[in-house]
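Asks: I am attaching a structure below and will ask some questions about it afterwards.
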Amino acid sequence: MASAGRATEPGLAREMPLEDGDPARPRGRQVNGEVGGTPRLRGMGDPSLRGTTAPGGSRTEVMAEGWEWGPALGDGDVTPGGAPERAGQPEEALMTELSELVQKVVKSSSWWERHGVDISILACSFLLLPAGFLCLRSAQAIPFLVGVLTLGVVHHTLTVKGSHLASHNALTESKSWGKVWAIFFIELCSSFTVEQATYNHVKIHHGYTNVIGLGDSSTWKLPFLNRYVYMFIAPLAVPILTPLVALDLLRNVEWKAALRTLCCMFLGFYCHYWLLLHISGFQSPWSALLCMLLTRSLLAHPYIHVNIFQHIGLPMFAADRKPKRIHLMSLGVLNLPRNALLDWSFGHSLISCHVEHHLFPSLSDNMCLKIKPIVSQYLKQKKLPYNEDTYSSRLRLFLQRYEELMVHAPPITELVGIQ
C-alpha cells in the first residue's frame, strides 16, 4: 500500500520514540531573539529544489478523533538542553494557523463530504464485482477484456484506496469500526498484516517522512535491478511479493494477530480463486491463477511509480536534524496531477493531494481534495515549498537518474538559517 507502507526495519524505530523531539535546531543567526538570515538547503537530492526557502514550523495538528488539538507525530520539539521550546515563536505559529484554517473547513463539512464520498466509491467497486466475474465467462475478446479491466480496477480500489484510508482510520470516526475496516481491507483484500502496515506506514513513514533510515522510502529500492527491469517488469511481481513480505513480517506480531492474518489472507485468496472457477467458468486452476495475477497486477506499475515519485529525489534529513513538521512535509512530499483512473483507484491523498495528506493524514481522500486550495495557497503565501510535477516528468527523471535516486544513498539535506 502506498502507502500502507512496506516495512522499515522495526529495530531502527525502537532506537527513537515515535513522537520524538528534534534535538538540534536549524542553524542561523539570532536577531532580537529570533532566528534570522536567509534560509537555504544544503545537500539537496534534486537540483530543481535547490534554493527553496523554508521558514517556519510547528508541533500541532488537527487530530482525527473528535478533532482535538495535540502533538503531531515526530514534532515534540525540544531545545538541545532538553527544555521545551516556548510557543508563540513565528515558526511555531505556522502549522497552528494552517490547522485552524483546515479545522474550520472540516467542521463545516457534512458526513457525506468527510466519509460518505469515499465509502460510496468503495461500495460501487463492490457492486462492480459480479459484472467483472460474469464478463470473464465470455469467449469473445472484448467482454473478456472488460472483465479483466473491471476486476483489476476494483482490486486496486479496495487494496490501495481502501487499505490506505483504513490504515489512517479515515473511513469512520469510530475506532472499533476502524479496526474492522482495517482488517477487512488490509488483510482480507490486500493480503497484508494490519499491525505491521499501520506501524510502518502511519508511525514510521508519516512520523518520519524523508528521514534517513526511518521514513525515507528506501524499502522501495531494489538496487540489484537495472532501471528498465525495476520500472517496467518488476511491478508485475507485486501480487506475489506482497503476501510473501506479509508472511515474513508475521514474525514481529503476536500469535493471535498472526493467526488472524493468515486466516484472512487465505480467505481472500480462496474467494477470488473460487469465484473465477465457479462464476467465471475457468476450467483449469492454472488459468484461474493466471487471471488472478493479471487482474491484481493491472495497476501495479503506477502503484510502484507513485510511491517512489512523491518522496525519493526530494530532500532527505538526518534523524537528529529533521526540520519542523511543516518544513518536513512541504519539502519532502510532492503532488502529481489529477488523473481520473488513479484518483478513483488510489485516492486523491496518494495522487494530487499527497502534501495535504501528509500534513493532515487522518482526513479522507475527499476532504484532502477539499482543503487542497487552502493548503496550497497558505504554503505559497508563507513562501514554503509546494512541490508539484507531472507523472511523465517524474518518470523521465527516474529513468535518467536511476542510479543516483534508486541505487546510491541519498544526500542529507540540512536547513541553514530560518527566517
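Residue names in the C-alpha cells use chain letters A, B, ... in the order shown, residue numbers from 1 in each chain, and ligand numbers from 1 in the order shown.
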Determine, for each residue of range 364-400 of chain A having at least one atom at most 9 Å from an atom of range 293-313 of chain A, the closest pair of atoms and their separation in Å to one decimal, counting only C-alpha atoms; order by chain and ascending number, as JSON lines.
Replies:
{"residue": "A:Tyr391", "atom": "CA", "partner": "A:Phe309", "partner_atom": "CA", "distance": 8.0}
{"residue": "A:Arg394", "atom": "CA", "partner": "A:Phe309", "partner_atom": "CA", "distance": 6.1}
{"residue": "A:Leu395", "atom": "CA", "partner": "A:His305", "partner_atom": "CA", "distance": 7.7}
{"residue": "A:Phe398", "atom": "CA", "partner": "A:Phe309", "partner_atom": "CA", "distance": 8.1}
Asks: For Ser349 in chain A, find every residue with an atom within 6 Å (counting only C-alpha atoms), except residues of its own chain fewer than 5 positions away, and show them as a PyMOL selection string.
Replies: chain A and resi 354+357+365
Asks: Given the selection you just returned, output its residues as a file containing N, CA and C atoms, formatted as an mmCIF file, in the first residue's frame.
Replies:
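Below is the file that was written, part-v8.cif:
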data_model
loop_
_atom_site.group_PDB
_atom_site.id
_atom_site.type_symbol
_atom_site.label_atom_id
_atom_site.label_comp_id
_atom_site.auth_asym_id
_atom_site.auth_seq_id
_atom_site.Cartn_x
_atom_site.Cartn_y
_atom_site.Cartn_z
ATOM 1 N N HIS A 354 -1.139 14.650 -2.031
ATOM 2 C CA HIS A 354 -0.234 13.936 -1.133
ATOM 3 C C HIS A 354 0.386 14.870 -0.093
ATOM 4 N N HIS A 357 -2.269 15.289 2.457
ATOM 5 C CA HIS A 357 -2.405 14.060 3.236
ATOM 6 C C HIS A 357 -1.315 13.945 4.295
ATOM 7 N N ASP A 365 -9.877 10.998 1.522
ATOM 8 C CA ASP A 365 -9.448 11.485 0.213
ATOM 9 C C ASP A 365 -10.244 12.708 -0.215
#
Asks: So that I can check the surroundings of Phe126 in chain A, please list as a list in words every protein, DNA and RNA residue that reaches within 12 Å of it, counting only C-alpha atoms and ignoring chain neighbours fewer than 2 positions away.
Replies: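 In the requested format, the answer is Ile119, Ser120, Ile121, Leu122, Ala123, Cys124, Leu128, Leu129, Pro130, Ala131, Gly132, Phe133, Thr150, Leu151, Val153, Val154, His155, His156, Thr157, Leu158, Thr159, Gly162 and Cys189 of chain A.
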Asks: List as a PDB file with N, CA, C and O atoms, in the first residue's frame the protein and nucleic acid residues near Ile204 in chain A, meaning an atom at most 7 Å away when only C-alpha atoms are counted, but skip any in the same chain fewer than 4 places from it.
Replies:
ATOM      1  N   TYR A 199       1.977   0.213  11.554  1.00  0.00           N
ATOM      2  CA  TYR A 199       3.229   0.624  12.191  1.00  0.00           C
ATOM      3  C   TYR A 199       4.178   1.258  11.177  1.00  0.00           C
ATOM      4  O   TYR A 199       4.676   2.370  11.377  1.00  0.00           O
ATOM      5  N   ASN A 200       4.419   0.552  10.082  1.00  0.00           N
ATOM      6  CA  ASN A 200       5.404   1.030   9.115  1.00  0.00           C
ATOM      7  C   ASN A 200       4.907   2.226   8.315  1.00  0.00           C
ATOM      8  O   ASN A 200       5.705   3.095   7.947  1.00  0.00           O
ATOM      9  N   TYR A 208       8.112  10.038  10.316  1.00  0.00           N
ATOM     10  CA  TYR A 208       9.480  10.404   9.965  1.00  0.00           C
ATOM     11  C   TYR A 208       9.633  10.481   8.447  1.00  0.00           C
ATOM     12  O   TYR A 208      10.530   9.891   7.861  1.00  0.00           O
ATOM     13  N   LEU A 214      14.572   5.828   8.453  1.00  0.00           N
ATOM     14  CA  LEU A 214      13.241   5.619   9.038  1.00  0.00           C
ATOM     15  C   LEU A 214      12.183   5.712   7.936  1.00  0.00           C
ATOM     16  O   LEU A 214      11.819   4.704   7.357  1.00  0.00           O
ATOM     17  N   GLY A 215      11.731   6.903   7.638  1.00  0.00           N
ATOM     18  CA  GLY A 215      10.677   7.064   6.636  1.00  0.00           C
ATOM     19  C   GLY A 215      11.188   7.574   5.314  1.00  0.00           C
ATOM     20  O   GLY A 215      10.549   8.399   4.659  1.00  0.00           O
TER      21      GLY A 215
END
Asks: Show me, as a short mmCIF file (atom, residue, chain, number, x, y, z; two decimals) with N, CA and C atoms, in the first residue's frame, the residues that have an atom within 8 Å of range 264-279 of chain A when counting only C-alpha atoms, minus same-chain residues fewer than 4 positions from it.
Replies:
data_model
loop_
_atom_site.label_atom_id
_atom_site.label_comp_id
_atom_site.auth_asym_id
_atom_site.auth_seq_id
_atom_site.Cartn_x
_atom_site.Cartn_y
_atom_site.Cartn_z
N PHE A 133 -16.78 -10.56 -12.90
CA PHE A 133 -16.64 -12.02 -12.96
C PHE A 133 -17.49 -12.62 -14.08
N LEU A 134 -18.67 -12.05 -14.33
CA LEU A 134 -19.54 -12.58 -15.39
C LEU A 134 -18.97 -12.28 -16.77
N ARG A 137 -16.71 -14.85 -18.32
CA ARG A 137 -17.31 -16.08 -18.88
C ARG A 137 -17.33 -16.05 -20.40
N PHE A 184 -10.47 -5.88 7.29
CA PHE A 184 -11.12 -6.28 6.03
C PHE A 184 -10.29 -5.86 4.83
N GLU A 187 -6.06 -6.96 5.40
CA GLU A 187 -5.73 -8.39 5.50
C GLU A 187 -6.53 -9.23 4.51
N LEU A 188 -7.84 -9.05 4.47
CA LEU A 188 -8.66 -9.88 3.59
C LEU A 188 -8.46 -9.51 2.12
N CYS A 189 -8.48 -8.21 1.83
CA CYS A 189 -8.38 -7.78 0.43
C CYS A 189 -6.93 -7.65 -0.04
N SER A 190 -6.05 -7.17 0.83
CA SER A 190 -4.68 -6.84 0.39
C SER A 190 -3.65 -7.89 0.77
N SER A 191 -4.03 -8.87 1.57
CA SER A 191 -3.10 -9.93 1.99
C SER A 191 -1.89 -9.37 2.71
N PHE A 192 -2.13 -8.45 3.64
CA PHE A 192 -1.06 -7.89 4.45
C PHE A 192 -1.49 -7.93 5.90
N PRO A 243 2.11 -10.83 -0.36
CA PRO A 243 1.84 -11.81 0.70
C PRO A 243 3.12 -12.45 1.27
N ARG A 260 -4.91 -14.65 12.85
CA ARG A 260 -5.99 -13.90 12.19
C ARG A 260 -5.59 -13.47 10.79
N GLN A 283 -11.76 -23.43 -16.46
CA GLN A 283 -11.71 -24.88 -16.37
C GLN A 283 -10.44 -25.37 -15.68
N SER A 284 -9.36 -24.61 -15.83
CA SER A 284 -8.08 -25.04 -15.29
C SER A 284 -7.69 -24.17 -14.09
N PRO A 285 -7.19 -24.78 -13.01
CA PRO A 285 -6.70 -23.99 -11.88
C PRO A 285 -5.59 -23.01 -12.27
N ALA A 288 -7.02 -19.95 -13.89
CA ALA A 288 -7.63 -19.08 -12.87
C ALA A 288 -6.55 -18.31 -12.11
N LEU A 289 -5.46 -18.98 -11.77
CA LEU A 289 -4.37 -18.31 -11.06
C LEU A 289 -3.70 -17.26 -11.93
N MET A 292 -5.89 -14.27 -11.91
CA MET A 292 -5.71 -13.56 -10.64
C MET A 292 -4.48 -12.66 -10.70
#
Asks: Of the residues A:Val355, A:Val333, A:Ala246, A:Leu314, which is the one nearest to Pro373 in chain A, using only C-alpha atoms?
Replies: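 Between A:Val355, A:Val333, A:Ala246, A:Leu314, the residue approaching Pro373 in chain A most closely is A:Val355.
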Asks: Can you tell me how far CA of Cys368 in chain A sits from CA of Ser109 in chain A, in Å to one decimal?
Replies: 12.1 Å
Asks: Of the candidates A:Val245, A:Met231, A:Ala93, A:Val194, which one gets nearest to Thr219 in chain A if we count only C-alpha atoms?
Replies: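 Answer, going by the shortest atom-to-atom distance: A:Val245.
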Asks: Could you list, as a ChimeraX atom specification, every residue within 8 Å of range 170-177 of chain A, counting only C-alpha atoms and ignoring same-chain residues fewer than 2 positions away?
Replies: /A:64-66,115,118-119,165-168,179-181,362-364
Asks: Restricting it to N, CA, C and O atoms, dump the selection as a CSV table (one decimal), in the first residue's frame.
Replies:
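Okay, out-v4.csv is ready:
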chain,number,residue,atom,x,y,z
A,64,ALA,N,-7.7,13.3,14.3
A,64,ALA,CA,-8.8,12.7,13.6
A,64,ALA,C,-10.0,12.6,14.6
A,64,ALA,O,-11.1,13.0,14.3
A,65,GLU,N,-9.8,11.9,15.7
A,65,GLU,CA,-10.9,11.5,16.6
A,65,GLU,C,-11.4,12.7,17.4
A,65,GLU,O,-10.7,13.2,18.3
A,66,GLY,N,-12.5,13.3,17.0
A,66,GLY,CA,-13.1,14.4,17.7
A,66,GLY,C,-12.5,15.7,17.4
A,66,GLY,O,-12.8,16.8,17.9
A,115,HIS,N,-16.8,11.4,4.9
A,115,HIS,CA,-16.6,10.0,4.8
A,115,HIS,C,-17.4,9.4,3.6
A,115,HIS,O,-17.0,8.4,3.0
A,118,ASP,N,-16.0,8.8,-0.2
A,118,ASP,CA,-15.1,7.7,-0.3
A,118,ASP,C,-15.7,6.3,0.0
A,118,ASP,O,-15.4,5.3,-0.7
A,119,ILE,N,-16.6,6.3,0.9
A,119,ILE,CA,-17.3,5.0,1.2
A,119,ILE,C,-18.1,4.6,0.0
A,119,ILE,O,-18.2,3.4,-0.4
A,165,LEU,N,-7.0,4.3,3.4
A,165,LEU,CA,-7.9,5.0,4.2
A,165,LEU,C,-8.1,4.3,5.6
A,165,LEU,O,-8.2,4.9,6.6
A,166,ALA,N,-8.2,3.0,5.5
A,166,ALA,CA,-8.4,2.2,6.7
A,166,ALA,C,-7.2,2.3,7.7
A,166,ALA,O,-7.4,2.3,8.9
A,167,SER,N,-6.0,2.3,7.1
A,167,SER,CA,-4.8,2.4,8.0
A,167,SER,C,-4.8,3.7,8.8
A,167,SER,O,-4.2,3.8,9.8
A,168,HIS,N,-5.4,4.7,8.2
A,168,HIS,CA,-5.5,6.0,8.9
A,168,HIS,C,-6.8,6.2,9.6
A,168,HIS,O,-7.0,7.3,10.1
A,179,LYS,N,-11.1,-0.5,13.2
A,179,LYS,CA,-10.3,-1.7,13.3
A,179,LYS,C,-10.9,-2.8,12.4
A,179,LYS,O,-10.2,-3.5,11.7
A,180,VAL,N,-12.2,-2.9,12.4
A,180,VAL,CA,-12.9,-3.8,11.5
A,180,VAL,C,-12.6,-3.6,10.0
A,180,VAL,O,-12.2,-4.5,9.3
A,181,TRP,N,-12.7,-2.3,9.6
A,181,TRP,CA,-12.4,-2.0,8.2
A,181,TRP,C,-10.9,-2.2,7.9
A,181,TRP,O,-10.6,-2.6,6.8
A,362,SER,N,-5.2,12.1,8.8
A,362,SER,CA,-6.4,11.5,9.2
A,362,SER,C,-7.6,11.9,8.4
A,362,SER,O,-8.7,11.3,8.6
A,363,LEU,N,-7.4,12.8,7.4
A,363,LEU,CA,-8.5,13.2,6.6
A,363,LEU,C,-8.8,12.2,5.4
A,363,LEU,O,-7.8,11.6,4.9
A,364,SER,N,-10.0,12.1,5.0
A,364,SER,CA,-10.3,11.2,3.9
A,364,SER,C,-9.8,11.8,2.6
A,364,SER,O,-9.4,12.9,2.5
Asks: Among the residues of range 200-337 of chain A, find those DSSP assigns to strand (DSSP E or B) from the backbone and print them as a list of chain:residue names.
Replies: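 Across range 200-337 of chain A, those assigned strand (DSSP E or B) are A:Thr209, A:Val211, A:Gly215, A:Ile312, A:Leu314, A:Met316, A:Phe317, A:Leu334, A:Asn335.
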Asks: If you keep all heavy atoms, can you produce a file of those selected residues as a PDB file, in the first residue's frame?
Replies:
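Output contents, as saved in part.pdb:
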ATOM      1  N   THR A 209       8.765  11.213   7.812  1.00  0.00           N
ATOM      2  CA  THR A 209       8.807  11.360   6.365  1.00  0.00           C
ATOM      3  C   THR A 209      10.167  11.894   5.914  1.00  0.00           C
ATOM      4  O   THR A 209      10.632  12.926   6.392  1.00  0.00           O
ATOM      5  CB  THR A 209       7.697  12.320   5.897  1.00  0.00           C
ATOM      6  OG1 THR A 209       6.430  11.796   6.297  1.00  0.00           O
ATOM      7  CG2 THR A 209       7.714  12.484   4.386  1.00  0.00           C
ATOM      8  N   VAL A 211      13.102  10.972   6.520  1.00  0.00           N
ATOM      9  CA  VAL A 211      14.176  10.922   7.499  1.00  0.00           C
ATOM     10  C   VAL A 211      15.002   9.664   7.224  1.00  0.00           C
ATOM     11  O   VAL A 211      14.459   8.551   7.187  1.00  0.00           O
ATOM     12  CB  VAL A 211      13.636  10.914   8.943  1.00  0.00           C
ATOM     13  CG1 VAL A 211      14.766  10.703   9.944  1.00  0.00           C
ATOM     14  CG2 VAL A 211      12.908  12.220   9.238  1.00  0.00           C
ATOM     15  N   GLY A 215      11.731   6.903   7.638  1.00  0.00           N
ATOM     16  CA  GLY A 215      10.677   7.064   6.636  1.00  0.00           C
ATOM     17  C   GLY A 215      11.188   7.574   5.314  1.00  0.00           C
ATOM     18  O   GLY A 215      10.549   8.399   4.659  1.00  0.00           O
ATOM     19  N   ILE A 312      11.158  10.095  -3.095  1.00  0.00           N
ATOM     20  CA  ILE A 312      12.556   9.910  -3.480  1.00  0.00           C
ATOM     21  C   ILE A 312      12.941  10.986  -4.494  1.00  0.00           C
ATOM     22  O   ILE A 312      12.185  11.303  -5.408  1.00  0.00           O
ATOM     23  CB  ILE A 312      12.766   8.501  -4.058  1.00  0.00           C
ATOM     24  CG1 ILE A 312      12.496   7.437  -2.985  1.00  0.00           C
ATOM     25  CG2 ILE A 312      14.175   8.353  -4.618  1.00  0.00           C
ATOM     26  CD1 ILE A 312      12.588   6.016  -3.482  1.00  0.00           C
ATOM     27  N   LEU A 314      13.513  14.021  -3.437  1.00  0.00           N
ATOM     28  CA  LEU A 314      13.254  15.236  -2.673  1.00  0.00           C
ATOM     29  C   LEU A 314      14.196  15.260  -1.470  1.00  0.00           C
ATOM     30  O   LEU A 314      14.878  14.273  -1.188  1.00  0.00           O
ATOM     31  CB  LEU A 314      11.791  15.266  -2.235  1.00  0.00           C
ATOM     32  CG  LEU A 314      10.762  15.307  -3.379  1.00  0.00           C
ATOM     33  CD1 LEU A 314       9.352  15.186  -2.821  1.00  0.00           C
ATOM     34  CD2 LEU A 314      10.910  16.571  -4.205  1.00  0.00           C
ATOM     35  N   MET A 316      16.146  14.784   1.867  1.00  0.00           N
ATOM     36  CA  MET A 316      16.170  13.786   2.928  1.00  0.00           C
ATOM     37  C   MET A 316      16.959  14.366   4.112  1.00  0.00           C
ATOM     38  O   MET A 316      17.927  15.101   3.920  1.00  0.00           O
ATOM     39  CB  MET A 316      16.846  12.498   2.439  1.00  0.00           C
ATOM     40  CG  MET A 316      16.107  11.774   1.318  1.00  0.00           C
ATOM     41  SD  MET A 316      14.654  10.892   1.921  1.00  0.00           S
ATOM     42  CE  MET A 316      13.914  10.346   0.373  1.00  0.00           C
ATOM     43  N   PHE A 317      16.538  14.016   5.326  1.00  0.00           N
ATOM     44  CA  PHE A 317      17.101  14.638   6.514  1.00  0.00           C
ATOM     45  C   PHE A 317      17.645  13.592   7.480  1.00  0.00           C
ATOM     46  O   PHE A 317      17.158  12.463   7.527  1.00  0.00           O
ATOM     47  CB  PHE A 317      16.035  15.481   7.227  1.00  0.00           C
ATOM     48  CG  PHE A 317      15.444  16.554   6.358  1.00  0.00           C
ATOM     49  CD1 PHE A 317      14.273  16.317   5.634  1.00  0.00           C
ATOM     50  CD2 PHE A 317      16.040  17.791   6.253  1.00  0.00           C
ATOM     51  CE1 PHE A 317      13.724  17.298   4.822  1.00  0.00           C
ATOM     52  CE2 PHE A 317      15.501  18.781   5.447  1.00  0.00           C
ATOM     53  CZ  PHE A 317      14.344  18.536   4.728  1.00  0.00           C
ATOM     54  N   LEU A 334       5.516  15.443  -2.639  1.00  0.00           N
ATOM     55  CA  LEU A 334       5.187  16.002  -3.951  1.00  0.00           C
ATOM     56  C   LEU A 334       3.817  15.542  -4.410  1.00  0.00           C
ATOM     57  O   LEU A 334       3.430  14.389  -4.200  1.00  0.00           O
ATOM     58  CB  LEU A 334       6.260  15.571  -4.955  1.00  0.00           C
ATOM     59  CG  LEU A 334       6.105  15.978  -6.414  1.00  0.00           C
ATOM     60  CD1 LEU A 334       7.471  16.360  -7.001  1.00  0.00           C
ATOM     61  CD2 LEU A 334       5.501  14.837  -7.254  1.00  0.00           C
ATOM     62  N   ASN A 335       3.079  16.445  -5.038  1.00  0.00           N
ATOM     63  CA  ASN A 335       1.778  16.126  -5.626  1.00  0.00           C
ATOM     64  C   ASN A 335       1.912  15.853  -7.113  1.00  0.00           C
ATOM     65  O   ASN A 335       2.669  16.542  -7.820  1.00  0.00           O
ATOM     66  CB  ASN A 335       0.800  17.289  -5.435  1.00  0.00           C
ATOM     67  CG  ASN A 335       0.259  17.377  -4.024  1.00  0.00           C
ATOM     68  OD1 ASN A 335       0.403  16.440  -3.240  1.00  0.00           O
ATOM     69  ND2 ASN A 335      -0.353  18.491  -3.687  1.00  0.00           N
TER      70      ASN A 335
END
Asks: Mind giving me the straight-line distance from CA of Leu101 in chain A to CA of Val202 in chain A in Å, one decimal?
Replies: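 It comes out at 23.5 Å.
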Asks: Between CA of Leu136 in chain A and CA of Ser280 in chain A, what is the distance, to one decimal in Å?
Replies: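 Pair CA of Leu136 in chain A / CA of Ser280 in chain A returns 5.2 Å.
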Asks: Quick check for you: according to DSSP on this backbone, which residues of range 215-338 of chain A are classed as helix (DSSP H, G or I)? Reply as a PyMOL selection string.
Replies: chain A and resi 218-220+227-252+255-278+285-296+300-309+319-321+325-332
Asks: Using only C-alpha atoms, find the one residue out of A:Met329, A:Ala340, A:Val229, A:Leu149 that sits nearest to Leu359 in chain A.
Replies: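 Ranked by minimum distance to Leu359 in chain A, first place goes to A:Met329.
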Asks: With only C-alpha atoms as the atoms that count, which of A:Lys107, A:Pro385, A:Lys372, A:Gly281 lies nearest to Ala139 in chain A?
Replies: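 Looking at the shortest contact to Ala139 in chain A, the residue is A:Gly281.
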Asks: Determine, counting only C-alpha atoms, which protein, DNA and RNA residues have an atom within 10 Å of an atom of Leu250 in chain A; residues of the same chain fewer than 5 positions away are not included. Present the result as an MDAnalysis selection string.
Replies: chainID A and resid 192:193 195:196 245 255 257:259 261:262
Asks: Can those selected residues be exported to a file as a PDB file, in the first residue's frame so that it contains N, CA and C atoms?
Replies:
ATOM      1  N   PHE A 192      -2.126  -8.449   3.643  1.00  0.00           N
ATOM      2  CA  PHE A 192      -1.062  -7.887   4.445  1.00  0.00           C
ATOM      3  C   PHE A 192      -1.490  -7.929   5.902  1.00  0.00           C
ATOM      4  N   THR A 193      -0.603  -7.550   6.803  1.00  0.00           N
ATOM      5  CA  THR A 193      -0.936  -7.596   8.220  1.00  0.00           C
ATOM      6  C   THR A 193      -1.217  -6.198   8.750  1.00  0.00           C
ATOM      7  N   GLU A 195      -1.166  -4.848  11.787  1.00  0.00           N
ATOM      8  CA  GLU A 195      -0.233  -4.281  12.757  1.00  0.00           C
ATOM      9  C   GLU A 195       1.018  -3.721  12.089  1.00  0.00           C
ATOM     10  N   GLN A 196       1.598  -4.491  11.167  1.00  0.00           N
ATOM     11  CA  GLN A 196       2.814  -4.035  10.504  1.00  0.00           C
ATOM     12  C   GLN A 196       2.525  -2.946   9.480  1.00  0.00           C
ATOM     13  N   VAL A 245       6.036 -10.885   1.701  1.00  0.00           N
ATOM     14  CA  VAL A 245       6.536  -9.905   2.672  1.00  0.00           C
ATOM     15  C   VAL A 245       5.685  -9.943   3.936  1.00  0.00           C
ATOM     16  N   TRP A 255       0.959 -14.070  18.274  1.00  0.00           N
ATOM     17  CA  TRP A 255       0.475 -15.249  17.550  1.00  0.00           C
ATOM     18  C   TRP A 255      -1.002 -15.148  17.191  1.00  0.00           C
ATOM     19  N   ALA A 257      -2.663 -12.362  16.432  1.00  0.00           N
ATOM     20  CA  ALA A 257      -2.747 -11.488  15.255  1.00  0.00           C
ATOM     21  C   ALA A 257      -2.225 -12.203  14.017  1.00  0.00           C
ATOM     22  N   ALA A 258      -1.160 -12.988  14.181  1.00  0.00           N
ATOM     23  CA  ALA A 258      -0.610 -13.735  13.052  1.00  0.00           C
ATOM     24  C   ALA A 258      -1.612 -14.761  12.530  1.00  0.00           C
ATOM     25  N   LEU A 259      -2.280 -15.469  13.439  1.00  0.00           N
ATOM     26  CA  LEU A 259      -3.284 -16.459  13.037  1.00  0.00           C
ATOM     27  C   LEU A 259      -4.446 -15.789  12.320  1.00  0.00           C
ATOM     28  N   THR A 261      -4.348 -12.973  10.660  1.00  0.00           N
ATOM     29  CA  THR A 261      -3.871 -12.527   9.353  1.00  0.00           C
ATOM     30  C   THR A 261      -3.818 -13.689   8.372  1.00  0.00           C
ATOM     31  N   LEU A 262      -3.306 -14.828   8.809  1.00  0.00           N
ATOM     32  CA  LEU A 262      -3.225 -15.995   7.935  1.00  0.00           C
ATOM     33  C   LEU A 262      -4.606 -16.440   7.467  1.00  0.00           C
TER      34      LEU A 262
END
